[in-house]
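Colleague: Structure file start.cif (mmCIF, C-alpha atoms) is given on the next line.
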```cif
data_model
loop_
_atom_site.label_atom_id
_atom_site.label_comp_id
_atom_site.auth_asym_id
_atom_site.auth_seq_id
_atom_site.Cartn_x
_atom_site.Cartn_y
_atom_site.Cartn_z
CA MET A 23 3.18 9.76 21.27
CA THR A 24 3.78 13.14 19.69
CA GLU A 25 1.13 15.72 19.06
CA PRO A 26 0.96 17.19 15.53
CA ALA A 27 2.24 20.64 14.74
CA ALA A 28 -0.10 23.60 14.70
CA ALA A 29 -2.16 23.93 11.54
CA ALA A 30 -4.80 26.14 10.01
CA PRO A 31 -8.35 26.18 11.38
CA VAL A 32 -11.05 24.04 9.77
CA PRO A 33 -14.23 26.15 9.39
CA THR A 34 -17.70 24.64 9.16
CA ARG A 35 -19.79 26.33 6.46
CA ARG A 36 -23.54 25.76 6.41
CA VAL A 37 -24.41 25.66 2.74
CA SER A 38 -27.27 24.40 0.60
CA PHE A 39 -27.22 23.53 -3.11
CA GLU A 40 -30.56 21.74 -3.28
CA ALA A 41 -32.50 24.53 -5.00
CA ALA A 42 -29.87 24.79 -7.74
CA LEU A 43 -30.26 21.11 -8.63
CA HIS A 44 -33.85 21.30 -9.85
CA ASP A 45 -32.93 21.79 -13.53
CA LEU A 46 -30.23 19.12 -13.56
CA PRO A 47 -30.33 17.22 -16.88
CA ARG A 48 -29.91 13.47 -17.18
CA HIS A 49 -26.37 13.68 -18.56
CA PHE A 50 -25.09 16.65 -16.64
CA ALA A 51 -21.32 16.29 -17.04
CA ALA A 52 -19.25 18.40 -19.45
CA ASP A 53 -20.59 18.15 -23.01
CA GLY A 54 -23.30 15.77 -21.79
CA ASP A 55 -20.64 13.08 -21.42
CA LEU A 56 -22.01 9.63 -20.63
CA ILE A 57 -19.25 8.06 -18.52
CA LEU A 58 -18.41 11.26 -16.65
CA SER A 59 -22.05 11.70 -15.63
CA HIS A 60 -22.17 8.17 -14.23
CA PHE A 61 -18.74 8.57 -12.63
CA PHE A 62 -19.71 11.69 -10.68
CA ALA A 63 -23.05 10.13 -9.72
CA ALA A 64 -21.27 7.04 -8.37
CA MET A 65 -18.75 9.20 -6.49
CA SER A 66 -21.52 11.24 -4.93
CA SER A 67 -23.43 8.12 -3.92
CA VAL A 68 -20.66 6.84 -1.63
CA PHE A 69 -20.09 10.17 0.11
CA PRO A 70 -23.03 10.48 2.56
CA ASP A 71 -22.48 7.22 4.41
CA GLY A 72 -18.74 7.33 3.84
CA GLU A 73 -18.55 10.75 5.48
CA GLU A 74 -20.61 9.50 8.43
CA PHE A 75 -18.17 6.61 8.80
CA PHE A 76 -15.26 9.08 8.82
CA VAL A 77 -16.95 11.14 11.51
CA ARG A 78 -17.59 8.10 13.72
CA SER A 79 -14.02 6.85 13.25
CA VAL A 80 -12.45 10.14 14.32
CA ARG A 81 -15.00 10.95 17.04
CA ARG A 82 -14.19 7.69 18.88
CA PHE A 83 -10.68 9.02 19.57
CA ARG A 84 -11.51 12.67 20.21
CA ASP A 85 -11.10 12.35 23.97
CA GLN A 86 -7.56 11.03 23.48
CA VAL A 87 -6.45 14.19 21.66
CA GLY A 88 -4.78 16.52 24.12
CA ASP A 89 -3.59 19.23 21.76
CA PRO A 90 -6.20 22.03 21.74
CA GLU A 91 -5.52 23.01 18.13
CA LEU A 92 -6.02 19.47 16.90
CA ARG A 93 -9.17 19.16 19.02
CA SER A 94 -10.46 22.30 17.33
CA GLN A 95 -9.61 20.83 13.94
CA VAL A 96 -11.45 17.62 14.85
CA ALA A 97 -14.56 19.68 15.62
CA GLY A 98 -14.22 21.41 12.24
CA PHE A 99 -13.65 18.08 10.51
CA ILE A 100 -16.83 16.65 12.02
CA GLY A 101 -18.78 19.76 11.04
CA GLN A 102 -17.50 19.81 7.47
CA GLU A 103 -18.02 16.09 6.88
CA SER A 104 -21.54 16.25 8.28
CA VAL A 105 -22.51 19.01 5.84
CA HIS A 106 -20.83 17.12 2.97
CA GLY A 107 -22.99 14.10 3.71
CA ARG A 108 -26.17 16.17 3.79
CA GLU A 109 -25.50 17.99 0.52
CA HIS A 110 -24.45 14.87 -1.36
CA ARG A 111 -27.58 13.11 -0.10
CA ALA A 112 -29.62 15.93 -1.65
CA LEU A 113 -27.66 15.59 -4.91
CA ASN A 114 -28.15 11.81 -4.82
CA ALA A 115 -31.90 12.21 -4.40
CA ARG A 116 -32.05 14.38 -7.52
CA LEU A 117 -29.83 11.93 -9.43
CA ALA A 118 -32.11 9.07 -8.38
CA GLU A 119 -35.04 10.97 -9.91
CA LEU A 120 -33.07 11.05 -13.15
CA GLY A 121 -32.58 7.28 -13.11
CA TYR A 122 -29.16 6.86 -11.47
CA PRO A 123 -28.84 4.04 -8.87
CA THR A 124 -27.52 6.44 -6.22
CA LYS A 125 -29.92 5.37 -3.45
CA ARG A 126 -29.04 1.72 -4.02
CA TYR A 127 -25.35 2.60 -3.85
CA GLU A 128 -25.93 4.58 -0.67
CA TRP A 129 -27.49 1.45 0.85
CA LEU A 130 -24.60 -0.75 -0.28
CA THR A 131 -22.08 1.71 1.15
CA ARG A 132 -23.94 1.87 4.46
CA ARG A 133 -24.16 -1.93 4.70
CA SER A 134 -20.52 -2.56 3.82
CA LEU A 135 -19.27 0.03 6.33
CA ALA A 136 -21.55 -1.38 9.04
CA ILE A 137 -20.01 -4.81 8.47
CA ARG A 138 -16.51 -3.32 8.59
CA GLU A 139 -17.25 -1.59 11.88
CA ARG A 140 -18.46 -4.84 13.39
CA ILE A 141 -15.35 -6.83 12.50
CA ALA A 142 -12.54 -4.24 12.54
CA THR A 143 -11.04 -2.41 15.51
CA ASP A 144 -11.63 1.29 16.07
CA ARG A 145 -7.99 1.99 15.26
CA ALA A 146 -8.22 0.01 12.01
CA ASN A 147 -11.25 2.07 11.01
CA LEU A 148 -9.36 5.26 11.83
CA ALA A 149 -6.52 4.01 9.61
CA ALA A 150 -9.04 3.44 6.81
CA THR A 151 -10.41 6.94 7.28
CA ALA A 152 -6.93 8.47 7.08
CA ALA A 153 -6.21 6.49 3.90
CA LEU A 154 -9.49 7.42 2.20
CA GLU A 155 -8.98 11.05 3.17
CA HIS A 156 -5.78 10.90 1.10
CA PHE A 157 -7.90 9.77 -1.85
CA THR A 158 -10.25 12.71 -1.50
CA ALA A 159 -7.40 15.14 -0.84
CA THR A 160 -5.59 14.00 -3.99
CA LEU A 161 -8.69 14.47 -6.14
CA ALA A 162 -9.44 17.76 -4.39
CA GLU A 163 -5.97 19.11 -5.17
CA LEU A 164 -6.46 18.10 -8.79
CA ALA A 165 -9.78 19.95 -8.95
CA LEU A 166 -8.42 23.11 -7.32
CA SER A 167 -5.29 23.24 -9.46
CA ASP A 168 -6.50 22.10 -12.88
CA GLU A 169 -9.22 24.01 -14.74
CA ARG A 170 -9.93 21.02 -16.96
CA ALA A 171 -10.69 18.89 -13.90
CA ARG A 172 -12.93 21.61 -12.44
CA ASP A 173 -14.98 21.71 -15.63
CA LEU A 174 -15.66 17.97 -15.80
CA PRO A 175 -18.83 17.95 -13.62
CA GLY A 176 -20.45 20.19 -16.24
CA HIS A 177 -23.69 21.53 -14.74
CA ALA A 178 -23.04 24.59 -12.58
CA ALA A 179 -24.71 23.19 -9.46
CA VAL A 180 -22.83 19.88 -9.59
CA ARG A 181 -19.60 21.73 -10.26
CA SER A 182 -20.27 23.95 -7.24
CA VAL A 183 -20.93 20.96 -4.98
CA PHE A 184 -17.71 19.23 -5.96
CA LEU A 185 -15.64 22.43 -5.88
CA TRP A 186 -16.88 23.36 -2.39
CA HIS A 187 -16.24 19.77 -1.31
CA ALA A 188 -12.72 19.92 -2.78
CA LEU A 189 -11.90 23.10 -0.84
CA GLU A 190 -12.99 21.59 2.46
CA GLU A 191 -11.26 18.27 1.82
CA SER A 192 -8.07 20.26 1.32
CA GLU A 193 -8.70 22.22 4.52
CA HIS A 194 -9.05 19.12 6.69
CA LYS A 195 -6.90 16.64 4.75
CA ALA A 196 -4.51 15.98 7.64
CA VAL A 197 -6.98 15.78 10.54
CA ALA A 198 -7.76 12.04 10.54
CA PHE A 199 -4.10 11.30 9.82
CA ASP A 200 -2.94 13.45 12.76
CA VAL A 201 -5.46 11.84 15.09
CA TYR A 202 -4.27 8.40 13.99
CA ARG A 203 -0.67 9.37 14.64
CA THR A 204 -1.52 11.01 17.95
CA VAL A 205 -3.23 7.91 19.35
CA GLY A 206 -0.31 5.68 18.42
CA GLY A 207 -1.41 4.15 15.14
CA SER A 208 1.41 2.14 13.57
CA GLU A 209 3.12 2.89 10.28
CA ARG A 210 2.72 -0.73 9.19
CA THR A 211 -1.06 -0.65 9.64
CA ARG A 212 -1.28 2.75 7.99
CA VAL A 213 0.57 1.62 4.85
CA TRP A 214 -1.07 -1.80 4.47
CA THR A 215 -4.50 -0.30 4.98
CA MET A 216 -3.89 2.08 2.09
CA ARG A 217 -2.53 -0.67 -0.14
CA GLY A 218 -5.71 -2.66 0.30
CA LEU A 219 -8.06 0.28 -0.04
CA ARG A 220 -6.30 1.78 -3.03
CA LEU A 221 -7.03 -1.25 -5.16
CA GLY A 222 -10.39 -1.97 -3.53
CA PHE A 223 -11.71 1.54 -4.03
CA VAL A 224 -10.75 1.64 -7.71
CA VAL A 225 -12.29 -1.78 -8.35
CA ALA A 226 -15.48 -0.86 -6.48
CA MET A 227 -15.89 2.46 -8.29
CA THR A 228 -15.29 0.79 -11.66
CA ALA A 229 -17.97 -1.80 -10.89
CA MET A 230 -20.43 0.86 -9.74
CA VAL A 231 -19.95 3.01 -12.83
CA ALA A 232 -20.23 -0.03 -15.11
CA ALA A 233 -23.45 -1.22 -13.44
CA SER A 234 -24.88 2.29 -13.61
CA LEU A 235 -24.07 2.53 -17.32
CA LEU A 236 -25.82 -0.78 -17.99
CA GLY A 237 -29.07 0.76 -16.77
CA ASP A 238 -28.83 3.81 -19.05
CA PRO A 239 -30.41 3.48 -22.53
CA ALA A 240 -27.90 6.01 -23.86
CA THR A 241 -25.14 3.46 -23.29
CA TYR A 242 -26.52 1.36 -26.12
CA ARG A 243 -26.63 4.09 -28.74
CA PRO A 244 -24.09 3.25 -31.46
CA GLY A 245 -20.68 4.75 -30.78
CA ARG A 246 -21.61 6.80 -27.71
CA LEU A 247 -19.94 4.62 -25.07
CA ARG A 248 -16.80 4.25 -27.19
CA ARG A 249 -16.52 8.01 -27.73
CA SER A 250 -17.11 8.66 -24.04
CA TRP A 251 -14.44 6.16 -23.00
CA ARG A 252 -11.91 7.75 -25.32
CA ALA A 253 -12.65 11.14 -23.81
CA PHE A 254 -12.55 9.78 -20.25
CA ARG A 255 -9.09 8.33 -20.79
CA ARG A 256 -7.84 11.82 -21.63
CA THR A 257 -9.21 13.46 -18.47
CA PRO A 258 -6.83 14.74 -15.77
CA MET A 259 -8.07 12.02 -13.41
CA MET A 260 -6.50 9.36 -15.61
CA GLN A 261 -3.03 10.92 -15.55
CA ARG A 262 -0.20 8.89 -14.06
CA ARG A 263 0.65 11.65 -11.62
CA VAL A 264 -2.66 11.12 -9.80
CA TRP A 265 -1.85 7.47 -9.16
CA ASP A 266 1.71 8.38 -8.16
CA GLN A 267 0.38 10.88 -5.63
CA LEU A 268 -1.92 8.25 -4.16
CA ARG A 269 1.06 5.91 -3.80
CA GLU A 270 3.06 8.54 -1.91
CA TYR A 271 1.00 7.55 1.12
CA ASP A 272 3.08 4.35 1.32
CA ARG A 273 6.32 6.25 1.88
CA PRO A 274 7.80 5.98 5.41
CA GLY A 275 7.29 9.23 7.26
CA PHE A 276 4.62 10.47 4.85
CA HIS A 277 2.35 13.30 6.00
CA PRO A 278 -0.59 14.84 4.04
CA ASP A 279 0.98 18.28 4.33
CA ASP A 280 3.96 17.10 2.30
CA HIS A 281 1.82 18.37 -0.57
CA ASP A 282 1.56 22.03 0.38
CA THR A 283 -1.87 23.23 -0.70
CA ALA A 284 -2.05 26.27 1.59
CA ALA A 285 -1.90 28.72 -1.32
CA LEU A 286 -4.64 26.81 -3.18
CA VAL A 287 -6.83 26.82 -0.08
CA ASP A 288 -6.35 30.56 0.42
CA GLN A 289 -7.13 31.22 -3.24
CA TRP A 290 -10.32 29.18 -3.29
CA ARG A 291 -11.55 30.38 0.10
CA LEU A 292 -11.49 33.86 -1.40
CA GLU A 293 -12.94 32.86 -4.77
CA LEU A 294 -15.77 30.81 -3.30
CA PHE A 295 -16.56 32.48 0.04
CA GLY A 296 -14.81 35.86 0.01
CA PRO A 297 -16.75 39.16 -0.18
CA ASP A 298 -17.52 38.52 -3.85
CA GLY A 299 -17.28 34.75 -3.67
CA SER A 300 -19.18 32.70 -6.23
CA LEU A 301 -20.78 30.46 -3.58
CA VAL A 302 -21.65 33.07 -0.95
CA ASP A 303 -25.30 32.89 -1.99
CA HIS A 304 -25.34 29.23 -0.98
CA LEU A 305 -24.44 30.01 2.65
CA VAL A 306 -27.46 29.52 4.88
CA VAL A 307 -26.03 30.75 8.18
CA ALA A 308 -25.08 34.38 8.72
CA GLY A 309 -21.40 34.89 9.37
CA ALA A 310 -20.44 31.51 7.90
CA ARG A 311 -17.70 32.95 5.71
CA PRO A 312 -14.12 31.93 6.66
#
```
Spell out the structure here as structure tokens.

Modeller:
Amino acid sequence: MTEPAAAAPVPTRRVSFEAALHDLPRHFAADGDLILSHFFAAMSSVFPDGEEFFVRSVRRFRDQVGDPELRSQVAGFIGQESVHGREHRALNARLAELGYPTKRYEWLTRRSLAIRERIATDRANLAATAALEHFTATLAELALSDERARDLPGHAAVRSVFLWHALEESEHKAVAFDVYRTVGGSERTRVWTMRGLRLGFVVAMTAMVAASLLGDPATYRPGRLRRSWRAFRRTPMMQRRVWDQLREYDRPGFHPDDHDTAALVDQWRLELFGPDGSLVDHLVVAGARP
């Protein structure tokens, strides 16, 4: 087994966005868009229990990681993912008050992952974590590099949650992958796990958004769903290059750092948490800046 090369530190930032969510409107996405609002609500709903699954999957192998830099990154990964889960749970609670089925989706996510953990091996779950981290890293890179993508969440507080999340996903995007490689995970399992999850995740998210829309009276207003779908198809998330980047994971010898996002990470660390960073006021622990 080979240990991964040295990489940048993964800082844990203690933040809170809960107070900023109090004035969140029902359709909070850009221009009050219907589908985008339900899309971001569905995405947020899978994060808390998904992040906890990621933490458990990586933590089970922490003692097998000999490289001190990777061990430090694992600690940062666990810290970041834990805070992500907490903040998205707060967002989900507010969205549930507005009528979104986020708490039901949290329960479904928790149940499905519990079943997976009972029937799959620890290494298979680590492979799933590495694959899903490529999903989040791909979307994070899109958000950090494309202003149109950054604007889609609309409401300032939701935008801040997803932008902070995107920064930290980019910071730790290779950690689960490097742990998987370090403990001897096979290329075959890595690739086939992604092939299954890539389709499964898209199908599951589509079903969740569709079910959520069915419960929203606005869906049935003449023309609104059709206009929203036309707009959604033009969003950066629906570009072919996003799907192509997800498929890069299947390439032999792939590594998350093949997409060099170091400059993006440096830029957004400064913009969000630098001396005049836009999210500094959301830090709740002194000295939490990078």

Colleague: If the PyMOL selection byres ((chain A and resi 198) around 7) were run on this exact file, what residues would it hold? Put them as a ChimeraX atom specification.

Modeller: /A:80,151-152,196-197,199-202

Colleague: Could you check the closest approach to Gly54 (chain A) for each of A:Leu174, A:Val77, A:Ala226, A:Leu166 and tell me which residue wins, using all atoms listed in the file?

Modeller: A:Leu174

Colleague: When the PyMOL selection byres ((chain A and resi 283-291) around 12) is applied to the file above, which residues end up in the set, as number ranges by chain?

Modeller: A: 29-33, 35, 159-160, 162-168, 182, 185-196, 278-282, 292-302, 310-312

Colleague: Rank A:Leu43, A:Leu56, A:Ala179, A:Met230 by their smallest atom-to-atom distance to Gly245 (chain A), using only C-alpha atoms, and report the top residue only.

Modeller: A:Leu56

Colleague: Could you list the residues chosen by the PyMOL selection byres ((chain A and resi 210) around 12) in this structure as a list in words?

Modeller: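 Those residues are Ala146, Ala149, Arg203, Gly206, Gly207, Ser208, Glu209, Thr211, Arg212, Val213, Trp214, Thr215, Met216, Arg217, Tyr271, Asp272, Arg273, Pro274 and Gly275 of chain A.
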
Colleague: Pick the closest to Glu270 (chain A) from A:Arg249, A:His304, A:Arg181, A:His156: which is it, counting only C-alpha atoms?

Modeller: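 Closest to Glu270 (chain A) of all the choices is A:His156.
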
Colleague: Enter the distance from CA of Ala64 (chain A) to CA of Ser234 (chain A), in Å, rounded to one decimal.

Modeller: 7.9 Å

Colleague: Measure the distance from CA of Glu91 (chain A) to CA of Glu109 (chain A) in Å and round it to one decimal.

Modeller: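 Pair CA of Glu91 (chain A) / CA of Glu109 (chain A) returns 27.1 Å.
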
Colleague: Ranking A:Phe99, A:Phe157, A:Phe254, A:Phe75 by minimum distance to Arg132 (chain A) and counting all atoms listed in the file, which one comes first?

Modeller: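 The answer is A:Phe75, which sits nearest to Arg132 (chain A).
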
Colleague: How many Å separate CA of Arg82 (chain A) from CA of Leu268 (chain A)?

Modeller: 26.1 Å

Colleague: Nearest to Arg36 (chain A): which of A:Leu305, A:Ala118, A:Met65, A:Ile100 is it, counting all atoms listed in the file?

Modeller: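 Once distances to Arg36 (chain A) are computed over all atoms listed in the file, the minimum belongs to A:Leu305.
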
Colleague: Using all atoms listed in the file - which residues lie no farther than 9 Å from the point (-2.5, 6.7, 23.5) in the file's frame? Write them as a list of chain:residue names.

Modeller: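 Residues found, by chain and rising number: A:Met23, A:Gln86, A:Val87, A:Thr204, A:Val205, A:Gly206, A:Gly207.
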
Colleague: Which residues come within 12 Å of Ala136 (chain A), counting all atoms listed in the file, excluding same-chain residues fewer than 3 positions away, as a VMD selection string?

Modeller: chain A and resid 71 to 72 74 to 75 78 to 79 129 to 133 139 to 142 147

Colleague: Would you output that residue set with C-alpha atoms, as a PDB file, in the coordinates of the input?

Modeller:
```pdb
ATOM      1  CA  ASP A  71     -22.480   7.220   4.410  1.00  0.00           C
ATOM      2  CA  GLY A  72     -18.740   7.330   3.840  1.00  0.00           C
ATOM      3  CA  GLU A  74     -20.610   9.500   8.430  1.00  0.00           C
ATOM      4  CA  PHE A  75     -18.170   6.610   8.800  1.00  0.00           C
ATOM      5  CA  ARG A  78     -17.590   8.100  13.720  1.00  0.00           C
ATOM      6  CA  SER A  79     -14.020   6.850  13.250  1.00  0.00           C
ATOM      7  CA  TRP A 129     -27.490   1.450   0.850  1.00  0.00           C
ATOM      8  CA  LEU A 130     -24.600  -0.750  -0.280  1.00  0.00           C
ATOM      9  CA  THR A 131     -22.080   1.710   1.150  1.00  0.00           C
ATOM     10  CA  ARG A 132     -23.940   1.870   4.460  1.00  0.00           C
ATOM     11  CA  ARG A 133     -24.160  -1.930   4.700  1.00  0.00           C
ATOM     12  CA  GLU A 139     -17.250  -1.590  11.880  1.00  0.00           C
ATOM     13  CA  ARG A 140     -18.460  -4.840  13.390  1.00  0.00           C
ATOM     14  CA  ILE A 141     -15.350  -6.830  12.500  1.00  0.00           C
ATOM     15  CA  ALA A 142     -12.540  -4.240  12.540  1.00  0.00           C
ATOM     16  CA  ASN A 147     -11.250   2.070  11.010  1.00  0.00           C
TER      17      ASN A 147
END
```

Colleague: Give me, as an NGL selection string, all polymer residues having an atom no more than 12 Å from Arg116 (chain A), counting all atoms listed in the file and skipping those fewer than 4 positions away in the same chain.

Modeller: :A and (39-48 or 50 or 63 or 66-67 or 109-112 or 120-125 or 179-180)

Colleague: Would you compute, for all listed atoms of region 268-272 of chain A, the axis-aligned bounding box grown by 5 Å on each side, and then report its centre and edge lengths in Å rounded to one decimal, as JSON?

Modeller:
```
{"center_x": 0.6, "center_y": 6.4, "center_z": -1.4, "size_x": 15.0, "size_y": 14.2, "size_z": 15.5}
```

Colleague: Add whatever atoms are absent from region 41-63 of chain A to reach N, CA and C atoms, and provide the output as a PDB file, in the frame of the given file.

Modeller:
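Output file out-v9.pdb follows:
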```
ATOM      1  N   ALA A  41     -31.647  23.765  -4.076  1.00  0.00           N
ATOM      2  CA  ALA A  41     -32.500  24.530  -5.000  1.00  0.00           C
ATOM      3  C   ALA A  41     -31.879  24.631  -6.389  1.00  0.00           C
ATOM      4  N   ALA A  42     -30.552  24.641  -6.453  1.00  0.00           N
ATOM      5  CA  ALA A  42     -29.870  24.790  -7.740  1.00  0.00           C
ATOM      6  C   ALA A  42     -29.856  23.507  -8.551  1.00  0.00           C
ATOM      7  N   LEU A  43     -30.308  22.404  -7.958  1.00  0.00           N
ATOM      8  CA  LEU A  43     -30.260  21.110  -8.630  1.00  0.00           C
ATOM      9  C   LEU A  43     -31.543  20.773  -9.379  1.00  0.00           C
ATOM     10  N   HIS A  44     -32.540  21.625  -9.277  1.00  0.00           N
ATOM     11  CA  HIS A  44     -33.850  21.300  -9.850  1.00  0.00           C
ATOM     12  C   HIS A  44     -33.819  21.130 -11.366  1.00  0.00           C
ATOM     13  N   ASP A  45     -32.959  21.871 -12.059  1.00  0.00           N
ATOM     14  CA  ASP A  45     -32.930  21.790 -13.530  1.00  0.00           C
ATOM     15  C   ASP A  45     -31.816  20.886 -14.034  1.00  0.00           C
ATOM     16  N   LEU A  46     -31.320  20.011 -13.169  1.00  0.00           N
ATOM     17  CA  LEU A  46     -30.230  19.120 -13.560  1.00  0.00           C
ATOM     18  C   LEU A  46     -30.675  18.171 -14.668  1.00  0.00           C
ATOM     19  N   PRO A  47     -29.963  18.137 -15.796  1.00  0.00           N
ATOM     20  CA  PRO A  47     -30.330  17.220 -16.880  1.00  0.00           C
ATOM     21  C   PRO A  47     -29.826  15.810 -16.606  1.00  0.00           C
ATOM     22  N   ARG A  48     -30.307  14.862 -17.364  1.00  0.00           N
ATOM     23  CA  ARG A  48     -29.910  13.470 -17.180  1.00  0.00           C
ATOM     24  C   ARG A  48     -28.401  13.289 -17.297  1.00  0.00           C
ATOM     25  N   HIS A  49     -27.820  13.760 -18.372  1.00  0.00           N
ATOM     26  CA  HIS A  49     -26.370  13.680 -18.560  1.00  0.00           C
ATOM     27  C   HIS A  49     -25.785  15.066 -18.340  1.00  0.00           C
ATOM     28  N   PHE A  50     -25.417  15.310 -17.115  1.00  0.00           N
ATOM     29  CA  PHE A  50     -25.090  16.650 -16.640  1.00  0.00           C
ATOM     30  C   PHE A  50     -23.626  17.015 -16.796  1.00  0.00           C
ATOM     31  N   ALA A  51     -22.752  16.024 -16.992  1.00  0.00           N
ATOM     32  CA  ALA A  51     -21.320  16.290 -17.040  1.00  0.00           C
ATOM     33  C   ALA A  51     -20.967  17.123 -18.269  1.00  0.00           C
ATOM     34  N   ALA A  52     -19.707  17.557 -18.345  1.00  0.00           N
ATOM     35  CA  ALA A  52     -19.250  18.400 -19.450  1.00  0.00           C
ATOM     36  C   ALA A  52     -19.603  17.781 -20.792  1.00  0.00           C
ATOM     37  N   ASP A  53     -20.199  18.582 -21.665  1.00  0.00           N
ATOM     38  CA  ASP A  53     -20.590  18.150 -23.010  1.00  0.00           C
ATOM     39  C   ASP A  53     -21.585  16.995 -22.987  1.00  0.00           C
ATOM     40  N   GLY A  54     -22.330  16.855 -21.896  1.00  0.00           N
ATOM     41  CA  GLY A  54     -23.300  15.770 -21.790  1.00  0.00           C
ATOM     42  C   GLY A  54     -22.648  14.404 -21.789  1.00  0.00           C
ATOM     43  N   ASP A  55     -21.396  14.332 -21.329  1.00  0.00           N
ATOM     44  CA  ASP A  55     -20.640  13.080 -21.420  1.00  0.00           C
ATOM     45  C   ASP A  55     -21.292  11.959 -20.624  1.00  0.00           C
ATOM     46  N   LEU A  56     -21.336  10.792 -21.224  1.00  0.00           N
ATOM     47  CA  LEU A  56     -22.010   9.630 -20.630  1.00  0.00           C
ATOM     48  C   LEU A  56     -21.260   9.081 -19.429  1.00  0.00           C
ATOM     49  N   ILE A  57     -20.011   8.680 -19.607  1.00  0.00           N
ATOM     50  CA  ILE A  57     -19.250   8.060 -18.520  1.00  0.00           C
ATOM     51  C   ILE A  57     -19.009   9.035 -17.387  1.00  0.00           C
ATOM     52  N   LEU A  58     -18.660  10.274 -17.709  1.00  0.00           N
ATOM     53  CA  LEU A  58     -18.410  11.260 -16.650  1.00  0.00           C
ATOM     54  C   LEU A  58     -19.653  11.478 -15.790  1.00  0.00           C
ATOM     55  N   SER A  59     -20.819  11.522 -16.403  1.00  0.00           N
ATOM     56  CA  SER A  59     -22.050  11.700 -15.630  1.00  0.00           C
ATOM     57  C   SER A  59     -22.241  10.552 -14.648  1.00  0.00           C
ATOM     58  N   HIS A  60     -22.019   9.329 -15.112  1.00  0.00           N
ATOM     59  CA  HIS A  60     -22.170   8.170 -14.230  1.00  0.00           C
ATOM     60  C   HIS A  60     -21.048   8.106 -13.200  1.00  0.00           C
ATOM     61  N   PHE A  61     -19.861   8.555 -13.574  1.00  0.00           N
ATOM     62  CA  PHE A  61     -18.740   8.570 -12.630  1.00  0.00           C
ATOM     63  C   PHE A  61     -19.026   9.511 -11.465  1.00  0.00           C
ATOM     64  N   PHE A  62     -19.440  10.736 -11.764  1.00  0.00           N
ATOM     65  CA  PHE A  62     -19.710  11.690 -10.680  1.00  0.00           C
ATOM     66  C   PHE A  62     -20.920  11.268  -9.852  1.00  0.00           C
ATOM     67  N   ALA A  63     -21.903  10.635 -10.479  1.00  0.00           N
ATOM     68  CA  ALA A  63     -23.050  10.130  -9.720  1.00  0.00           C
ATOM     69  C   ALA A  63     -22.615   9.028  -8.761  1.00  0.00           C
TER      70      ALA A  63
END
```
